>>> print(open('run-v8.cif').read())   # mmCIF, C-alpha atoms and all ligand atoms
data_entry
#
loop_
_atom_site.label_atom_id
_atom_site.label_comp_id
_atom_site.auth_asym_id
_atom_site.auth_seq_id
_atom_site.Cartn_x
_atom_site.Cartn_y
_atom_site.Cartn_z
CA MET G 1 0.00 0.00 0.00
CA ASN G 2 1.42 3.41 -0.85
CA ASN G 3 1.05 6.44 1.40
CA GLU G 4 -1.95 7.79 -0.44
CA GLN G 5 -3.75 4.47 -0.03
CA LYS G 6 -2.84 4.30 3.65
CA LEU G 7 -4.22 7.77 4.18
CA GLN G 8 -7.45 6.83 2.40
CA ARG G 9 -7.79 3.71 4.49
CA ASN G 10 -7.20 5.64 7.68
CA ARG G 11 -9.86 8.15 6.77
CA LEU G 12 -12.33 5.44 5.95
CA GLU G 13 -11.70 3.67 9.26
CA THR G 14 -12.02 6.87 11.24
CA THR G 15 -15.27 7.69 9.48
CA LEU G 16 -16.75 4.25 10.11
CA GLU G 17 -15.71 4.22 13.75
CA ASN G 18 -17.29 7.58 14.42
CA ILE G 19 -20.60 7.05 12.71
CA PRO G 20 -23.34 6.59 15.33
CA SER G 21 -25.10 3.95 13.20
CA ALA G 22 -24.09 0.31 13.30
CA ILE G 23 -22.34 -0.66 10.05
CA LEU G 24 -21.31 -4.00 8.57
CA MET G 25 -19.97 -5.03 5.22
CA VAL G 26 -20.43 -8.58 4.02
CA ASP G 27 -18.60 -9.84 0.91
CA LYS G 28 -20.20 -11.96 -1.80
CA GLN G 29 -19.15 -15.17 -0.02
CA GLY G 30 -21.04 -14.00 3.05
CA ARG G 31 -17.97 -13.12 5.10
CA VAL G 32 -18.11 -10.09 7.35
CA VAL G 33 -15.27 -7.86 6.16
CA ILE G 34 -16.03 -4.61 7.97
CA VAL G 35 -17.69 -4.06 11.33
CA ASN G 36 -17.68 -0.77 13.22
CA ASP G 37 -17.58 0.07 16.94
CA THR G 38 -21.24 1.02 17.11
CA TYR G 39 -22.23 -2.42 15.85
CA ASN G 40 -20.01 -4.13 18.37
CA SER G 41 -21.18 -2.07 21.30
CA THR G 42 -24.86 -2.37 20.39
CA PHE G 43 -25.27 -5.94 19.19
CA ASN G 44 -22.17 -7.94 19.72
CA GLN G 45 -22.43 -10.24 22.69
CA GLY G 46 -18.80 -11.25 22.56
CA GLN G 47 -18.61 -13.13 19.25
CA GLN G 48 -15.76 -12.63 16.85
CA VAL G 49 -17.81 -11.02 14.08
CA LEU G 50 -15.08 -9.91 11.70
CA GLU G 51 -14.09 -12.62 9.20
CA GLY G 52 -16.96 -14.87 10.28
CA HIS G 53 -19.84 -15.92 8.01
CA TYR G 54 -22.78 -13.59 8.59
CA ASP G 55 -25.16 -16.50 9.05
CA GLU G 56 -23.14 -17.70 12.03
CA VAL G 57 -21.90 -14.53 13.69
CA ILE G 58 -25.05 -12.41 13.48
CA THR G 59 -27.57 -13.52 16.07
CA TYR G 60 -30.56 -11.51 14.90
CA PRO G 61 -32.81 -13.33 12.38
CA ALA G 62 -34.29 -10.13 10.93
CA ILE G 63 -30.86 -8.78 9.97
CA LYS G 64 -29.77 -12.13 8.55
CA ARG G 65 -32.90 -12.36 6.44
CA MET G 66 -32.39 -8.86 5.04
CA ILE G 67 -28.77 -9.64 4.11
CA LYS G 68 -29.86 -12.85 2.41
CA ASP G 69 -32.59 -11.07 0.45
CA ALA G 70 -30.26 -8.28 -0.66
CA ILE G 71 -27.63 -10.73 -1.86
CA TYR G 72 -30.25 -12.76 -3.68
CA THR G 73 -32.17 -9.93 -5.32
CA GLU G 74 -29.25 -7.48 -5.64
CA LYS G 75 -31.67 -4.77 -4.58
CA THR G 76 -31.62 -2.38 -1.63
CA ILE G 77 -33.73 -3.61 1.28
CA ASN G 78 -35.08 -1.05 3.72
CA GLU G 79 -37.14 -1.99 6.77
CA THR G 80 -37.91 -0.90 10.29
CA ILE G 81 -37.08 -3.82 12.53
CA ASP G 82 -37.40 -4.38 16.26
CA ILE G 83 -34.76 -6.26 18.13
CA MET G 84 -34.44 -7.31 21.74
CA VAL G 85 -31.11 -5.93 22.95
CA ASN G 86 -30.38 -6.98 26.54
CA VAL G 87 -34.07 -7.28 27.50
CA HIS G 88 -34.89 -3.90 25.94
CA LYS G 89 -36.89 -3.74 22.76
CA LYS G 90 -35.16 -1.40 20.35
CA TYR G 91 -36.23 -0.14 16.94
CA PHE G 92 -33.89 0.24 14.00
CA ASP G 93 -34.18 1.72 10.59
CA ALA G 94 -32.24 -1.01 8.74
CA VAL G 95 -30.87 -0.69 5.20
CA VAL G 96 -28.97 -3.35 3.31
CA VAL G 97 -27.41 -2.02 0.12
CA PRO G 98 -25.87 -4.32 -2.50
CA VAL G 99 -22.45 -3.17 -3.68
CA LEU G 100 -21.99 -3.80 -7.41
CA SER G 101 -18.65 -3.71 -9.21
CA ARG G 102 -18.09 -0.54 -11.20
CA ARG G 103 -17.62 -2.01 -14.60
CA ARG G 104 -19.49 -5.23 -14.83
CA ARG G 105 -22.21 -4.49 -12.32
CA LYS G 106 -21.55 -7.76 -10.50
CA LEU G 107 -22.32 -8.21 -6.82
CA GLU G 108 -19.30 -7.64 -4.60
CA GLY G 109 -21.07 -7.73 -1.29
CA VAL G 110 -23.59 -5.81 0.80
CA VAL G 111 -23.37 -2.92 3.25
CA VAL G 112 -25.65 -3.05 6.31
CA VAL G 113 -26.57 0.16 8.13
CA LEU G 114 -28.65 0.04 11.31
CA HIS G 115 -29.86 3.33 12.69
CA ASP G 116 -31.38 3.32 16.19
CA ILE G 117 -34.80 5.01 16.10
CA THR G 118 -36.06 3.79 19.48
CA LYS G 119 -36.38 7.33 20.86
CA LEU G 120 -38.35 8.50 17.82
CA LYS G 121 -40.65 5.51 18.08
CA SER G 122 -41.41 6.12 21.72
CA LEU G 123 -42.13 9.80 21.03
CA GLU G 124 -44.49 8.73 18.29
CA GLN G 125 -46.20 6.32 20.67
CA MET G 126 -46.54 9.05 23.29
CA ARG G 127 -48.10 11.35 20.73
CA LYS G 128 -50.59 8.68 19.68
CA ASP G 129 -51.51 7.92 23.30
CA PHE G 130 -51.91 11.60 23.96
CA VAL G 131 -54.27 12.17 21.04
CA ALA G 132 -56.26 9.05 22.00
CA ASN G 133 -56.55 10.26 25.59
CA VAL G 134 -57.61 13.77 24.69
CA SER G 135 -60.25 12.49 22.28
CA HIS G 136 -61.55 10.07 24.85
CA GLU G 137 -61.74 12.75 27.54
CA LEU G 138 -63.64 15.09 25.22
CA LYS G 139 -65.96 12.43 23.87
CA THR G 140 -67.73 11.69 27.13
CA PRO G 141 -68.91 15.21 28.00
CA ILE G 142 -69.71 16.03 24.36
CA THR G 143 -71.85 12.91 24.01
CA SER G 144 -73.66 13.85 27.17
CA ILE G 145 -74.27 17.48 26.09
CA LYS G 146 -75.54 16.26 22.73
CA GLY G 147 -77.83 13.66 24.30
CA PHE G 148 -79.37 16.01 26.83
CA SER G 149 -79.96 18.83 24.35
CA GLU G 150 -81.60 16.43 21.91
CA THR G 151 -83.90 15.15 24.63
CA LEU G 152 -84.78 18.75 25.53
CA LEU G 153 -85.56 19.58 21.89
CA ASP G 154 -87.66 16.44 21.63
CA GLY G 155 -90.07 17.91 24.18
CA ALA G 156 -88.47 17.54 27.61
CA LYS G 157 -88.01 21.34 27.65
CA ASN G 158 -91.70 21.74 28.36
CA ASP G 159 -91.28 20.31 31.83
CA PRO G 160 -89.60 23.05 33.91
CA ASP G 161 -87.96 20.62 36.40
CA THR G 162 -86.44 18.47 33.68
CA LEU G 163 -85.38 21.59 31.80
CA GLU G 164 -83.49 22.94 34.76
CA MET G 165 -81.90 19.60 35.61
CA PHE G 166 -80.72 18.98 32.07
CA LEU G 167 -79.40 22.51 31.66
CA ASP G 168 -77.46 21.98 34.89
CA ILE G 169 -75.87 18.86 33.49
CA ILE G 170 -75.07 20.61 30.22
CA LEU G 171 -73.40 23.44 32.11
CA LYS G 172 -71.40 21.01 34.24
CA GLU G 173 -70.19 19.08 31.21
CA SER G 174 -69.27 22.29 29.37
CA ASN G 175 -67.25 23.37 32.40
CA ARG G 176 -65.47 20.06 32.25
CA ILE G 177 -64.51 20.59 28.63
CA GLN G 178 -63.41 24.12 29.36
CA GLY G 179 -61.26 22.92 32.23
CA LEU G 180 -59.68 20.22 30.14
CA VAL G 181 -58.88 22.57 27.29
CA SER G 182 -57.35 25.19 29.56
CA GLU G 183 -55.18 22.56 31.30
CA LEU G 184 -54.01 21.30 27.91
CA LEU G 185 -53.14 24.82 26.82
CA GLU G 186 -51.32 25.35 30.08
CA LEU G 187 -49.28 22.20 29.57
CA SER G 188 -48.32 23.12 26.04
CA LYS G 189 -47.42 26.64 27.14
CA ILE G 190 -45.06 25.30 29.81
CA GLU G 191 -43.55 22.89 27.31
CA GLN G 192 -42.83 25.67 24.87
CA SER G 193 -41.49 28.15 27.39
CA SER G 194 -37.92 26.91 27.32
CA HIS G 195 -36.80 30.43 28.14
CA ILE G 196 -38.97 30.87 31.21
CA VAL G 197 -37.45 33.52 33.46
CA LEU G 198 -36.70 32.35 36.97
CA ASP G 199 -36.66 34.85 39.73
CA GLU G 200 -36.39 35.03 43.49
CA VAL G 201 -39.80 34.07 44.93
CA ASN G 202 -40.87 33.87 48.56
CA LEU G 203 -42.10 30.28 48.93
CA SER G 204 -43.44 30.98 52.42
CA LEU G 205 -45.66 33.84 51.24
CA LYS G 206 -46.78 32.01 48.10
CA THR G 207 -47.84 29.06 50.22
CA GLU G 208 -49.83 31.32 52.57
CA ASN G 209 -51.57 32.94 49.54
CA SER G 210 -52.39 29.60 47.98
CA LEU G 211 -53.91 28.34 51.23
CA GLU G 212 -56.47 31.15 51.06
CA VAL G 213 -57.51 29.97 47.61
CA VAL G 214 -58.26 26.39 48.69
CA GLN G 215 -59.67 27.21 52.14
CA GLN G 216 -63.24 27.13 50.82
CA LEU G 217 -62.75 23.75 49.14
CA ALA G 218 -61.37 22.37 52.41
CA GLY G 219 -64.21 23.95 54.41
CA ARG G 220 -66.81 22.13 52.37
CA LYS G 221 -65.33 18.82 53.45
CA ASN G 222 -64.63 19.97 56.97
CA ILE G 223 -60.94 19.50 56.39
CA LYS G 224 -58.48 21.27 58.65
CA ILE G 225 -55.19 22.53 57.26
CA GLU G 226 -52.34 22.78 59.76
CA THR G 227 -49.26 24.70 58.74
CA LEU G 228 -45.67 24.93 59.80
CA ILE G 229 -44.21 27.61 57.58
CA GLU G 230 -40.72 29.00 58.16
CA GLU G 231 -40.58 32.66 57.26
CA ASP G 232 -39.00 33.97 54.07
CA VAL G 233 -37.81 30.81 52.39
CA LEU G 234 -36.63 32.21 49.06
CA VAL G 235 -36.44 29.98 46.00
CA MET G 236 -35.75 30.27 42.28
CA ALA G 237 -39.10 30.07 40.51
CA GLU G 238 -41.74 31.94 38.58
CA ALA G 239 -44.37 33.30 40.94
CA SER G 240 -47.64 32.41 39.22
CA LYS G 241 -46.47 28.94 38.22
CA LEU G 242 -45.23 28.23 41.73
CA LYS G 243 -48.65 29.14 43.03
CA GLN G 244 -50.18 26.74 40.55
CA VAL G 245 -47.95 23.94 41.86
CA ILE G 246 -48.98 24.59 45.45
CA ILE G 247 -52.70 24.87 44.63
CA ASN G 248 -52.63 21.66 42.60
CA LEU G 249 -51.01 19.71 45.42
CA LEU G 250 -53.39 21.17 47.99
CA SER G 251 -56.48 20.43 45.89
CA ASN G 252 -55.35 16.84 45.46
CA ALA G 253 -54.79 16.49 49.20
CA ILE G 254 -58.32 17.79 49.78
CA ASN G 255 -59.94 15.78 46.99
CA TYR G 256 -58.37 12.50 48.03
CA SER G 257 -58.99 12.88 51.78
CA PRO G 258 -62.16 11.91 53.64
CA GLU G 259 -64.47 14.39 55.39
CA GLY G 260 -62.98 15.88 58.52
CA ALA G 261 -59.40 14.87 57.75
CA VAL G 262 -56.32 16.94 58.58
CA ILE G 263 -53.80 18.17 56.01
CA ARG G 264 -50.36 19.37 57.01
CA VAL G 265 -48.36 21.90 55.01
CA ASN G 266 -44.69 22.50 55.80
CA VAL G 267 -42.33 25.01 54.29
CA LYS G 268 -38.73 24.85 55.41
CA ASN G 269 -35.20 25.69 54.60
CA GLU G 270 -32.96 22.65 54.29
CA GLY G 271 -30.26 23.87 51.94
CA ASP G 272 -32.98 23.68 49.31
CA GLY G 273 -36.37 25.26 49.78
CA ILE G 274 -38.80 22.49 50.77
CA LEU G 275 -42.57 22.33 50.48
CA GLU G 276 -44.42 19.35 51.90
CA VAL G 277 -48.12 18.62 51.54
CA ILE G 278 -49.10 15.75 53.81
CA ASP G 279 -52.54 14.19 53.86
CA GLU G 280 -54.29 11.33 55.66
CA GLY G 281 -56.25 10.40 52.56
CA ILE G 282 -56.72 7.27 50.50
CA GLY G 283 -53.01 6.90 49.68
CA ILE G 284 -51.29 5.64 46.54
CA ALA G 285 -49.97 2.11 45.96
CA LYS G 286 -46.26 1.74 45.27
CA GLU G 287 -46.74 0.71 41.62
CA GLU G 288 -48.89 3.79 40.94
CA GLN G 289 -46.50 6.28 42.52
CA THR G 290 -44.52 7.05 39.37
CA ARG G 291 -47.49 6.77 37.06
CA ILE G 292 -49.57 9.51 38.72
CA PHE G 293 -47.24 12.09 37.18
CA GLU G 294 -48.12 10.93 33.66
CA ARG G 295 -50.65 12.90 31.65
CA PHE G 296 -54.20 11.69 32.12
CA TYR G 297 -53.22 9.00 34.60
CA ARG G 298 -55.84 8.55 37.32
CA ILE G 299 -55.95 5.70 39.77
CA ASP G 300 -59.67 5.56 40.20
CA LYS G 301 -61.08 6.86 36.93
CA ALA G 302 -64.72 7.02 38.03
CA ARG G 303 -64.09 8.72 41.34
CA SER G 304 -61.67 11.18 39.88
CA ARG G 305 -64.04 12.09 37.08
CA GLU G 306 -66.73 12.73 39.66
CA SER G 307 -64.43 15.22 41.37
CA GLY G 308 -63.95 16.89 37.97
CA GLY G 309 -60.37 15.67 37.59
CA THR G 310 -58.70 15.07 34.25
CA GLY G 311 -55.42 13.59 35.46
CA LEU G 312 -53.35 16.48 34.13
CA GLY G 313 -52.74 18.22 37.46
CA LEU G 314 -49.63 16.34 38.58
CA ALA G 315 -48.22 16.22 35.04
CA ILE G 316 -48.33 20.02 35.05
CA VAL G 317 -46.87 20.19 38.57
CA LYS G 318 -43.94 17.95 37.70
CA HIS G 319 -43.25 19.83 34.52
CA ILE G 320 -43.18 23.18 36.28
CA VAL G 321 -40.99 21.92 39.13
CA GLU G 322 -38.49 20.55 36.62
CA VAL G 323 -38.45 23.80 34.66
CA PHE G 324 -37.53 25.42 38.00
CA GLY G 325 -34.64 22.95 38.26
CA GLY G 326 -36.26 21.28 41.27
CA THR G 327 -37.62 17.83 42.10
CA ILE G 328 -40.86 16.36 43.36
CA VAL G 329 -41.26 13.02 45.12
CA VAL G 330 -44.17 11.21 46.73
CA GLU G 331 -44.26 8.87 49.70
CA SER G 332 -47.49 7.11 50.35
CA GLU G 333 -49.23 4.12 51.84
CA VAL G 334 -52.68 2.97 50.77
CA GLY G 335 -55.26 3.85 53.39
CA LYS G 336 -52.82 5.90 55.47
CA GLY G 337 -52.11 8.98 53.35
CA SER G 338 -49.57 10.65 51.10
CA THR G 339 -46.71 13.12 51.33
CA PHE G 340 -45.74 15.20 48.31
CA ARG G 341 -42.37 16.86 48.73
CA VAL G 342 -41.08 19.57 46.43
CA CYS G 343 -37.42 20.64 46.57
CA LEU G 344 -36.54 23.95 44.94
CA LYS G 345 -33.18 25.64 44.51
CA LYS G 346 -32.57 28.44 46.99
CA ALA G 347 -32.47 31.93 45.57
N1 LIG G 401 -52.96 13.29 47.59
C1 LIG G 401 -53.36 12.22 46.90
N2 LIG G 401 -53.83 11.10 47.52
C2 LIG G 401 -54.21 10.04 46.81
N3 LIG G 401 -54.20 9.94 45.47
C3 LIG G 401 -53.76 11.01 44.77
C4 LIG G 401 -53.30 12.20 45.44
N4 LIG G 401 -52.91 13.07 44.50
C5 LIG G 401 -53.12 12.48 43.32
N5 LIG G 401 -53.63 11.25 43.47
C6 LIG G 401 -53.93 10.27 42.40
O1 LIG G 401 -53.19 10.61 41.25
C7 LIG G 401 -54.04 10.86 40.14
C8 LIG G 401 -53.48 11.96 39.28
O2 LIG G 401 -53.55 13.21 39.96
P1 LIG G 401 -53.72 14.55 39.12
O3 LIG G 401 -53.71 15.70 40.05
O4 LIG G 401 -52.70 14.51 38.03
O5 LIG G 401 -55.13 14.36 38.43
P2 LIG G 401 -56.61 14.55 38.99
O6 LIG G 401 -56.55 15.11 40.38
O7 LIG G 401 -57.33 13.28 38.79
O8 LIG G 401 -57.19 15.60 37.98
P3 LIG G 401 -56.77 17.18 37.80
O9 LIG G 401 -56.17 17.21 36.43
O10 LIG G 401 -58.02 17.92 37.88
O11 LIG G 401 -55.80 17.49 38.89
C9 LIG G 401 -55.40 11.17 40.75
O12 LIG G 401 -56.45 10.83 39.87
C10 LIG G 401 -55.40 10.29 41.98
O13 LIG G 401 -55.80 9.00 41.64
MG MG G 402 -55.39 16.87 40.72
#
>>> encode(input="run-v8.cif", output="structure tokens", more="lines below")
Ligand SMILES: Nc1ncnc2c1ncn2[C@@H]1O[C@H](COP(=O)(O)OP(=O)(O)OP(=O)(O)O)[C@@H](O)[C@H]1O
Ligand SMILES: [Mg+2]
Amino acid sequence: MNNEQKLQRNRLETTLENIPSAILMVDKQGRVVIVNDTYNSTFNQGQQVLEGHYDEVITYPAIKRMIKDAIYTEKTINETIDIMVNVHKKYFDAVVVPVLSRRRRKLEGVVVVLHDITKLKSLEQMRKDFVANVSHELKTPITSIKGFSETLLDGAKNDPDTLEMFLDIILKESNRIQGLVSELLELSKIEQSSHIVLDEVNLSLKTENSLEVVQQLAGRKNIKIETLIEEDVLVMAEASKLKQVIINLLSNAINYSPEGAVIRVNVKNEGDGILEVIDEGIGIAKEEQTRIFERFYRIDKARSRESGGTGLGLAIVKHIVEVFGGTIVVESEVGKGSTFRVCLKKA
């Protein structure tokens, strides 16, 4: 090899090693003649792949089949395949390209490129779930509004009692839709506000203010709120969103507690600014504790719908807390109660 050739070879190797897709080249006898680092680190479970026959050294049937087809048909094969890699299901955009000799157009081998699209796939799934959830949530109240107005038009409007009752239901269901839509808008606003401006906010005062807002809700259920609020705990946040976090957590504590229960609210300074909302309510099972922060996730769908909930509250809370650079955790035992703990960076 002369110097020019060596240089070329070096460049080719460097390129292959640094490409984030897994790459293989198989010659026309089926021998693997090139394999890059990404392939080895993603798929190789310790076999000697280089120089082996692809049928023996590649353990994934889908890839083997594509190579076989490409060699046989001399055509490019492009598929999305899923492969179990160390117990995780991963998705790949896989292309097998036949390499034909320049002059005589004879098959020299095939190049295999596997591009990991697992992240894209899961985003796509999330989007589909989201659309399905939103449609489902809207369908119920809309069906009910439609049904009741049709019944009214069919003659029920002539009976004043029925008229009032049905109009009440229609109003309630419209409020539900309005609530859902405004929560969705809120969520998308937070998601888009990557440049949200954080400022010094008094967590102690914000908590006191928010308590006033939910006092009435608590009163209706005879729930007592006990507070232990250190003065002037200053955190990095955005005032109105912080208030939203506190109100959401307090409303949940009230909604998921029985009549006459006690709710405790602590604000303290522990290096970080800490807010705790502690209830003696129905509690949350271990396996639900991470899921409650997902959009639309509700443990008891019927009960939560009755209370007007959509399951977006905690998703919004978590999102906001993370935009603030903080964390939120829950500790809970079914039947005993729950503690939601928010840690925020000190200002
Ligand atoms: N303090 C709590 N105690 C017990 N369960 C709770 C508590 N907070 C939340 N949950 C459970 O987590 C679920 C999700 O809460 P989230 O606040 O996101 O939705 P929601 O309260 O149902 O509706 P909304 O969007 O109106 O807040 C609730 O449906 C409920 O099952
Ligand atoms: Mg809620």
>>> atom_distance(input="run-v8.cif", atom1="CA of Gly109 (chain G)", atom2="CA of Tyr91 (chain G)")
24.9 Å
>>> residues_near_ligand(input="run-v8.cif", ligand="ligand MG 402 (chain G)", cutoff="7 Å", atoms="only C-alpha atoms and all ligand atoms", output="PyMOL selection string")
chain G and resi 248+251-252+309+311-314
>>> residues_near_ligand(input="run-v8.cif", ligand="ligand LIG 401 (chain G)", cutoff="7 Å", atoms="all atoms listed in the file", output="PyMOL selection string")
chain G and resi 248-249+252-253+256-257+279+281-284+292-293+295-301+304+308-315+337-338
>>> residues_around(input="run-v8.cif", residues="region 35-48 of chain G", least_positions_apart="2", cutoff="8 Å", atoms="only C-alpha atoms", output="PDB file with C-alpha atoms, in the frame of the given file")
ATOM      1  CA  LEU G  16     -16.750   4.250  10.110  1.00  0.00           C
ATOM      2  CA  GLU G  17     -15.710   4.220  13.750  1.00  0.00           C
ATOM      3  CA  ASN G  18     -17.290   7.580  14.420  1.00  0.00           C
ATOM      4  CA  ILE G  19     -20.600   7.050  12.710  1.00  0.00           C
ATOM      5  CA  PRO G  20     -23.340   6.590  15.330  1.00  0.00           C
ATOM      6  CA  SER G  21     -25.100   3.950  13.200  1.00  0.00           C
ATOM      7  CA  ALA G  22     -24.090   0.310  13.300  1.00  0.00           C
ATOM      8  CA  ILE G  23     -22.340  -0.660  10.050  1.00  0.00           C
ATOM      9  CA  LEU G  24     -21.310  -4.000   8.570  1.00  0.00           C
ATOM     10  CA  MET G  25     -19.970  -5.030   5.220  1.00  0.00           C
ATOM     11  CA  VAL G  32     -18.110 -10.090   7.350  1.00  0.00           C
ATOM     12  CA  VAL G  33     -15.270  -7.860   6.160  1.00  0.00           C
ATOM     13  CA  LEU G  50     -15.080  -9.910  11.700  1.00  0.00           C
ATOM     14  CA  GLU G  51     -14.090 -12.620   9.200  1.00  0.00           C
ATOM     15  CA  GLY G  52     -16.960 -14.870  10.280  1.00  0.00           C
ATOM     16  CA  VAL G  57     -21.900 -14.530  13.690  1.00  0.00           C
ATOM     17  CA  VAL G  85     -31.110  -5.930  22.950  1.00  0.00           C
TER      18      VAL G  85
END
>>> residues_around(input="run-v8.cif", residues="Ile247 (chain G)", least_positions_apart="4", cutoff="9 Å", atoms="all atoms listed in the file", output="PyMOL selection string")
chain G and resi 207+210-211+213-214+242-243+251-252
>>> write_last_selection(input="run-v8.cif", atoms="C-alpha atoms", output="compact mmCIF listing (two decimals), keeping the file's coordinate frame")
# COMPACT_ATOMS: atom_id res chain seq x y z
CA THR G 207 -47.84 29.06 50.22
CA SER G 210 -52.39 29.60 47.98
CA LEU G 211 -53.91 28.34 51.23
CA VAL G 213 -57.51 29.97 47.61
CA VAL G 214 -58.26 26.39 48.69
CA LEU G 242 -45.23 28.23 41.73
CA LYS G 243 -48.65 29.14 43.03
CA SER G 251 -56.48 20.43 45.89
CA ASN G 252 -55.35 16.84 45.46
>>> atom_distance(input="run-v8.cif", atom1="CA of Ala218 (chain G)", atom2="CA of Leu205 (chain G)")
19.5 Å
>>> residues_around(input="run-v8.cif", residues="region 219-233 of chain G", least_positions_apart="4", cutoff="7 Å", atoms="all atoms listed in the file", output="PyMOL selection string")
chain G and resi 202-204+215+259-269+273
>>> atom_distance(input="run-v8.cif", atom1="CA of Asp69 (chain G)", atom2="CA of Val113 (chain G)")
14.9 Å
>>> closest_residue(input="run-v8.cif", among="G:Lys318, G:Lys346, G:Arg104, G:Arg65", to="Val235 (chain G)", atoms="all atoms listed in the file")
G:Lys346
>>> residues_around(input="run-v8.cif", residues="Thr118 (chain G)", least_positions_apart="5", cutoff="10 Å", atoms="all atoms listed in the file", output="PyMOL selection string")
chain G and resi 82+89-93+123-124
>>> residues_around(input="run-v8.cif", residues="Asp55 (chain G)", least_positions_apart="4", cutoff="10 Å", atoms="only C-alpha atoms", output="PyMOL selection string")
chain G and resi 30-32+59-61+63-65+67-68
>>> closest_residue(input="run-v8.cif", among="G:Val334, G:Lys106, G:Glu276, G:Ser182", to="Leu250 (chain G)", atoms="all atoms listed in the file")
G:Glu276
